[in-house]
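Undergrad: Handing over structure.txt, compact mmCIF, C-alpha atoms.
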```txt
# COMPACT_ATOMS: atom_id res chain seq x y z
CA MET Z 24 -2.00 -7.23 -9.81
CA THR Z 25 1.53 -6.55 -8.68
CA THR Z 26 4.07 -7.11 -11.46
CA GLU Z 27 7.28 -9.10 -11.05
CA THR Z 28 9.34 -5.90 -11.03
CA GLN Z 29 7.09 -4.38 -8.36
CA ARG Z 30 7.46 -7.51 -6.25
CA LYS Z 31 11.23 -7.21 -6.54
CA LEU Z 32 11.04 -3.53 -5.58
CA LEU Z 33 8.95 -4.35 -2.50
CA PHE Z 34 11.27 -7.23 -1.56
CA GLN Z 35 14.37 -5.03 -1.88
CA THR Z 36 12.72 -2.16 0.02
CA VAL Z 37 11.96 -4.47 2.94
CA LYS Z 38 15.55 -5.76 2.91
CA LEU Z 39 17.20 -2.32 2.53
CA PHE Z 40 15.17 -0.71 5.31
CA ARG Z 41 15.41 -3.88 7.44
CA CYS Z 42 11.66 -3.82 7.96
CA SER Z 43 10.33 -6.10 10.68
CA ARG Z 44 6.83 -4.60 11.05
CA ILE Z 45 4.82 -4.24 7.84
CA LEU Z 46 1.22 -3.21 7.25
CA GLU Z 47 -0.38 -3.95 3.89
CA ILE Z 48 -3.74 -2.42 3.01
CA GLY Z 49 -5.16 -4.51 0.18
CA THR Z 50 -4.01 -8.14 -0.16
CA PHE Z 51 -5.69 -9.22 -3.41
CA THR Z 52 -3.85 -12.37 -4.62
CA GLY Z 53 -1.08 -12.08 -2.05
CA VAL Z 54 1.88 -11.79 -4.42
CA ALA Z 55 3.03 -8.48 -2.88
CA THR Z 56 2.32 -9.93 0.58
CA ILE Z 57 4.60 -12.90 -0.09
CA ALA Z 58 7.35 -10.74 -1.60
CA MET Z 59 7.45 -8.47 1.44
CA ALA Z 60 7.10 -11.25 4.02
CA ALA Z 61 9.94 -13.21 2.41
CA ALA Z 62 12.30 -10.28 2.97
CA ILE Z 63 11.34 -9.45 6.58
CA GLN Z 64 14.39 -9.12 8.84
CA PRO Z 65 14.68 -10.54 11.40
CA SER Z 66 12.68 -13.64 10.58
CA ASP Z 67 10.46 -13.09 13.64
CA GLY Z 68 9.04 -9.94 12.06
CA LYS Z 69 5.39 -9.69 11.13
CA LEU Z 70 3.32 -8.51 8.19
CA ILE Z 71 -0.33 -7.68 8.77
CA THR Z 72 -2.40 -7.62 5.58
CA LEU Z 73 -5.95 -6.29 5.31
CA GLU Z 74 -8.43 -7.49 2.70
CA ILE Z 75 -12.18 -7.03 2.30
CA ASN Z 76 -12.79 -9.75 -0.29
CA PRO Z 77 -13.01 -13.25 1.23
CA LYS Z 78 -12.25 -14.98 -2.09
CA ALA Z 79 -9.12 -12.89 -2.61
CA MET Z 80 -8.01 -13.55 0.97
CA THR Z 81 -8.52 -17.31 0.57
CA LEU Z 82 -6.43 -17.27 -2.61
CA ALA Z 83 -3.68 -15.24 -0.91
CA GLN Z 84 -3.63 -17.58 2.08
CA LYS Z 85 -3.42 -20.57 -0.25
CA HIS Z 86 -0.37 -19.07 -1.99
CA ALA Z 87 1.33 -18.15 1.30
CA LYS Z 88 0.77 -21.61 2.84
CA LYS Z 89 2.82 -23.15 0.05
CA LEU Z 90 5.83 -21.37 1.54
CA LYS Z 91 5.81 -22.84 5.02
CA TYR Z 92 8.55 -20.53 6.33
CA LEU Z 93 6.14 -17.59 5.87
CA ASN Z 94 3.33 -19.04 7.99
CA ASP Z 95 4.43 -17.24 11.17
CA ARG Z 96 5.24 -13.98 9.38
CA ILE Z 97 1.82 -13.10 7.93
CA ASP Z 98 -1.42 -12.20 9.73
CA PHE Z 99 -4.39 -12.06 7.37
CA VAL Z 100 -7.21 -9.76 8.48
CA LEU Z 101 -10.56 -9.97 6.68
CA GLY Z 102 -12.90 -6.98 6.65
CA PRO Z 103 -13.15 -3.34 5.60
CA ALA Z 104 -9.68 -1.80 5.85
CA MET Z 105 -10.63 1.25 7.91
CA GLU Z 106 -12.52 -0.85 10.46
CA SER Z 107 -9.54 -3.21 10.66
CA LEU Z 108 -7.12 -0.29 11.08
CA ILE Z 109 -9.18 1.16 13.92
CA ARG Z 110 -9.42 -2.21 15.68
CA ILE Z 111 -5.71 -3.02 15.27
CA THR Z 112 -4.75 0.43 16.58
CA LYS Z 113 -7.00 0.03 19.63
CA GLU Z 114 -5.52 -3.40 20.34
CA GLN Z 115 -1.92 -2.14 20.03
CA PRO Z 116 -2.04 1.65 20.47
CA ASN Z 117 1.73 2.25 20.36
CA LYS Z 118 2.59 -0.09 17.49
CA GLN Z 119 4.41 1.45 14.54
CA TYR Z 120 5.28 0.03 11.14
CA ASP Z 121 8.52 0.22 9.19
CA LEU Z 122 6.65 -0.15 5.91
CA VAL Z 123 3.04 0.48 4.95
CA PHE Z 124 1.97 -0.66 1.49
CA ILE Z 125 -1.34 0.74 0.24
CA ASP Z 126 -2.99 -0.91 -2.76
CA ALA Z 127 -6.68 -1.07 -1.94
CA ASP Z 128 -9.81 0.91 -2.78
CA LYS Z 129 -8.35 3.97 -4.49
CA ASP Z 130 -11.03 6.41 -3.34
CA LYS Z 131 -10.01 5.80 0.28
CA TYR Z 132 -6.25 6.35 -0.14
CA ALA Z 133 -6.40 9.75 1.59
CA SER Z 134 -8.36 8.31 4.52
CA TYR Z 135 -5.82 5.52 4.99
CA PHE Z 136 -2.90 7.94 4.73
CA ASP Z 137 -4.47 10.34 7.25
CA PHE Z 138 -5.26 7.52 9.67
CA ILE Z 139 -1.69 6.24 9.50
CA MET Z 140 -0.19 9.69 10.06
CA ASN Z 141 -2.72 10.92 12.65
CA ASN Z 142 -2.26 7.77 14.73
CA ASN Z 143 1.54 7.74 14.41
CA LEU Z 144 1.56 4.27 12.84
CA LEU Z 145 4.63 4.99 10.72
CA SER Z 146 7.98 4.63 12.47
CA ASP Z 147 10.35 7.59 12.24
CA ASN Z 148 12.46 5.87 9.58
CA GLY Z 149 9.50 4.09 8.00
CA VAL Z 150 8.14 4.43 4.51
CA ILE Z 151 4.68 4.33 2.95
CA ILE Z 152 4.46 2.94 -0.57
CA VAL Z 153 1.25 3.64 -2.46
CA ASP Z 154 0.45 1.86 -5.72
CA ASN Z 155 -1.54 3.07 -8.74
CA VAL Z 156 -0.98 6.79 -8.14
CA LEU Z 157 -0.94 7.50 -11.88
CA PHE Z 158 -3.96 5.23 -12.57
CA PHE Z 159 -3.76 4.11 -16.21
CA GLY Z 160 -1.94 7.36 -17.00
CA GLN Z 161 -5.19 9.21 -16.44
CA VAL Z 162 -4.04 11.18 -13.38
CA HIS Z 163 -2.03 13.25 -15.85
CA ARG Z 164 -5.30 14.41 -17.41
CA GLN Z 165 -6.59 15.48 -14.00
CA ALA Z 166 -3.37 17.41 -13.44
CA GLY Z 167 -3.95 19.37 -16.64
CA TYR Z 168 -2.08 17.35 -19.25
CA ASP Z 169 -4.78 16.74 -21.84
CA ASP Z 170 -2.61 15.14 -24.50
CA ILE Z 171 -3.21 11.68 -23.03
CA LYS Z 172 -6.27 10.01 -24.53
CA PRO Z 173 -8.88 8.68 -22.10
CA ILE Z 174 -9.28 4.93 -21.82
CA ASN Z 175 -12.74 3.36 -21.95
CA PHE Z 176 -13.31 0.84 -19.16
CA LYS Z 177 -16.32 -0.40 -17.24
CA ILE Z 178 -15.24 1.57 -14.18
CA ASP Z 179 -15.22 5.34 -13.99
CA ILE Z 180 -11.55 5.88 -14.86
CA PRO Z 181 -11.73 9.71 -15.01
CA GLY Z 182 -13.59 9.86 -11.70
CA MET Z 183 -11.15 7.52 -10.01
CA ALA Z 184 -8.19 9.35 -11.56
CA LYS Z 185 -9.57 12.60 -10.12
CA LYS Z 186 -9.71 11.07 -6.64
CA ILE Z 187 -6.16 9.75 -6.96
CA HIS Z 188 -4.96 13.14 -8.21
CA GLU Z 189 -6.62 14.71 -5.14
CA PHE Z 190 -4.84 12.13 -2.96
CA ASN Z 191 -1.48 12.95 -4.59
CA GLN Z 192 -2.06 16.67 -3.94
CA HIS Z 193 -3.18 15.93 -0.38
CA VAL Z 194 0.07 14.10 0.40
CA LEU Z 195 2.17 16.73 -1.36
CA LYS Z 196 0.67 19.48 0.83
CA ASP Z 197 1.10 17.53 4.09
CA LYS Z 198 3.99 19.16 5.96
CA ARG Z 199 4.66 15.99 7.98
CA VAL Z 200 5.96 14.03 5.01
CA GLU Z 201 8.10 14.05 1.89
CA VAL Z 202 6.94 12.22 -1.23
CA VAL Z 203 8.24 11.19 -4.61
CA ILE Z 204 6.14 9.62 -7.35
CA LEU Z 205 7.92 7.10 -9.52
CA PRO Z 206 6.35 6.91 -12.98
CA THR Z 207 6.90 3.17 -13.16
CA PHE Z 208 4.16 0.60 -13.61
CA ASP Z 209 0.94 2.44 -12.77
CA GLY Z 210 2.76 4.97 -10.60
CA ILE Z 211 4.19 4.42 -7.12
CA SER Z 212 4.45 7.00 -4.35
CA ILE Z 213 7.18 6.65 -1.78
CA ILE Z 214 6.37 8.65 1.34
CA SER Z 215 8.51 9.20 4.42
CA LYS Z 216 8.29 11.39 7.50
CA ARG Z 217 9.91 14.79 7.15
CA LYS Z 218 12.90 15.11 9.47
```
Could you render the structure from this file as structure tokens?
TA:
Amino acid sequence: MTTETQRKLLFQTVKLFRCSRILEIGTFTGVATIAMAAAIQPSDGKLITLEINPKAMTLAQKHAKKLKYLNDRIDFVLGPAMESLIRITKEQPNKQYDLVFIDADKDKYASYFDFIMNNNLLSDNGVIIVDNVLFFGQVHRQAGYDDIKPINFKIDIPGMAKKIHEFNQHVLKDKRVEVVILPTFDGISIISKRK
């Protein structure tokens, strides 16, 4: 769930970069979707959001419909994110995005990043924001900082943290981009094309 401060960060990022074309991978409840769509400039811009869970998408659509001025700004796409990315790219092969927000299945972050970069979906001045890159503080353990105690959850936190750590290293080594990880919330990466 995107916190209020994260929503404000996304809103301000869209405004500062004057984003008119936004791609969101992972809709969930739609709070990040609404924050970004509300800030799109000009108002005829478009946000495409991808979600695999029909219940989550229905909830997000319900929230967005309450704000009638957003109806024309958001396209909801239901289905597996990679399949949706491939289809959208085939339909509009030269389309680029000013902002890509990734907050979906964590083990596929690297695949999404590679697809975006390999298909030139990010505009030259665009930015990719990736959420949860420190994953409950457990990515630190994968990076060799053992002083942080593991957390017991129903999901495999250490395994997922390892995959996210591998993603962080993957982006760091990619010569096409520059990245900074902000240790706020659950960790946010801000990625831009190297110039």
Undergrad: Can you work out which one of Z:Val203, Z:Val156, Z:Val54, Z:Ala79 has the shortest atom-to-atom distance to Glu189 in chain Z, counting only C-alpha atoms?
TA: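 Between Z:Val203, Z:Val156, Z:Val54, Z:Ala79, the residue approaching Glu189 in chain Z most closely is Z:Val156.
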Undergrad: Closest to Gln119 in chain Z among Z:Gln35, Z:Gln192, Z:Ser134, Z:Asn142, using only C-alpha atoms?
TA: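 Selected residue with least distance to Gln119 in chain Z: Z:Asn142.
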Undergrad: For a quick check of understanding, using only C-alpha atoms, which of Z:Arg44, Z:His188, Z:Lys85, Z:Lys38 has the smallest distance to Ala58 in chain Z?
TA: Z:Lys38
Undergrad: Considering all atoms listed in the file, return as JSON, numbers by chain whatever protein or nucleic-acid residues lie within 10 Å of range 210-215 of chain Z, sequence-local ones (same chain, fewer than 3 positions apart) excluded.
TA: {"Z": [29, 122, 123, 124, 125, 126, 136, 145, 146, 147, 148, 149, 150, 151, 152, 153, 154, 155, 156, 157, 158, 159, 160, 162, 191, 194, 195, 199, 200, 201, 202, 203, 204, 205, 206, 207, 218]}
Undergrad: Starting from the point (-12.1, -13.7, 6.5), work out which residues of protein, DNA or RNA have an atom no more than 12 Å away when counting all atoms listed in the file; state them as a list of chain:residue names.
TA: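 Final list of nearby residues, as requested, is Z:Thr50, Z:Thr72, Z:Leu73, Z:Glu74, Z:Ile75, Z:Asn76, Z:Pro77, Z:Lys78, Z:Ala79, Z:Met80, Z:Thr81, Z:Leu82, Z:Ala83, Z:Gln84, Z:Asp98, Z:Phe99, Z:Val100, Z:Leu101, Z:Gly102, Z:Pro103, Z:Ser107.
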Undergrad: Selected residues, C-alpha atoms, written as a tab-separated table (two decimals), in the coordinates of the input, please.
TA:
```tsv
chain	number	residue	atom	x	y	z
Z	50	THR	CA	-4.01	-8.14	-0.16
Z	72	THR	CA	-2.40	-7.62	5.58
Z	73	LEU	CA	-5.95	-6.29	5.31
Z	74	GLU	CA	-8.43	-7.49	2.70
Z	75	ILE	CA	-12.18	-7.03	2.30
Z	76	ASN	CA	-12.79	-9.75	-0.29
Z	77	PRO	CA	-13.01	-13.25	1.23
Z	78	LYS	CA	-12.25	-14.98	-2.09
Z	79	ALA	CA	-9.12	-12.89	-2.61
Z	80	MET	CA	-8.01	-13.55	0.97
Z	81	THR	CA	-8.52	-17.31	0.57
Z	82	LEU	CA	-6.43	-17.27	-2.61
Z	83	ALA	CA	-3.68	-15.24	-0.91
Z	84	GLN	CA	-3.63	-17.58	2.08
Z	98	ASP	CA	-1.42	-12.20	9.73
Z	99	PHE	CA	-4.39	-12.06	7.37
Z	100	VAL	CA	-7.21	-9.76	8.48
Z	101	LEU	CA	-10.56	-9.97	6.68
Z	102	GLY	CA	-12.90	-6.98	6.65
Z	103	PRO	CA	-13.15	-3.34	5.60
Z	107	SER	CA	-9.54	-3.21	10.66
```
Undergrad: Work out how far CA of Ile97 in chain Z is from CA of Phe208 in chain Z, in Å to one decimal.
TA: 25.6 Å
Undergrad: Hey, which of Z:His193, Z:Leu144, Z:Ile63, Z:Phe34 ends up closest to Ile109 in chain Z? Count only C-alpha atoms.
TA: Z:Leu144
Undergrad: Given the point (1.3, -14.8, -1.2) in the file's coordinates, find the residues that have an atom at most 7 Å from it, counting all atoms listed in the file, and give them as a list in words.
TA: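 Here the neighbourhood of the point contains Thr52, Gly53, Val54, Ala55, Thr56, Ile57, Ala83, Gln84, His86 and Ala87 of chain Z.
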Undergrad: What does the structure give for the distance between CA of Asp130 in chain Z and CA of Ile187 in chain Z, in Å to one decimal?
TA: 6.9 Å
Undergrad: One decimal, Å: what's the distance from CA of Gly68 in chain Z over to CA of Arg96 in chain Z, could you say?
TA: 6.2 Å
Undergrad: Using only C-alpha atoms, which residue out of Z:Gly49, Z:Pro65, Z:Pro116, Z:Pro181 lies closest to Ala104 in chain Z?
TA: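 Checking each of Z:Gly49, Z:Pro65, Z:Pro116, Z:Pro181 against Ala104 in chain Z, counting only C-alpha atoms, the winner is Z:Gly49.
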Undergrad: Of the candidates Z:Arg217, Z:Lys88, Z:Lys186, Z:Lys129, which shows the shortest atom-to-atom distance to Lys198 in chain Z, using only C-alpha atoms?
TA: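 Looking at the shortest contact to Lys198 in chain Z, the residue is Z:Arg217.
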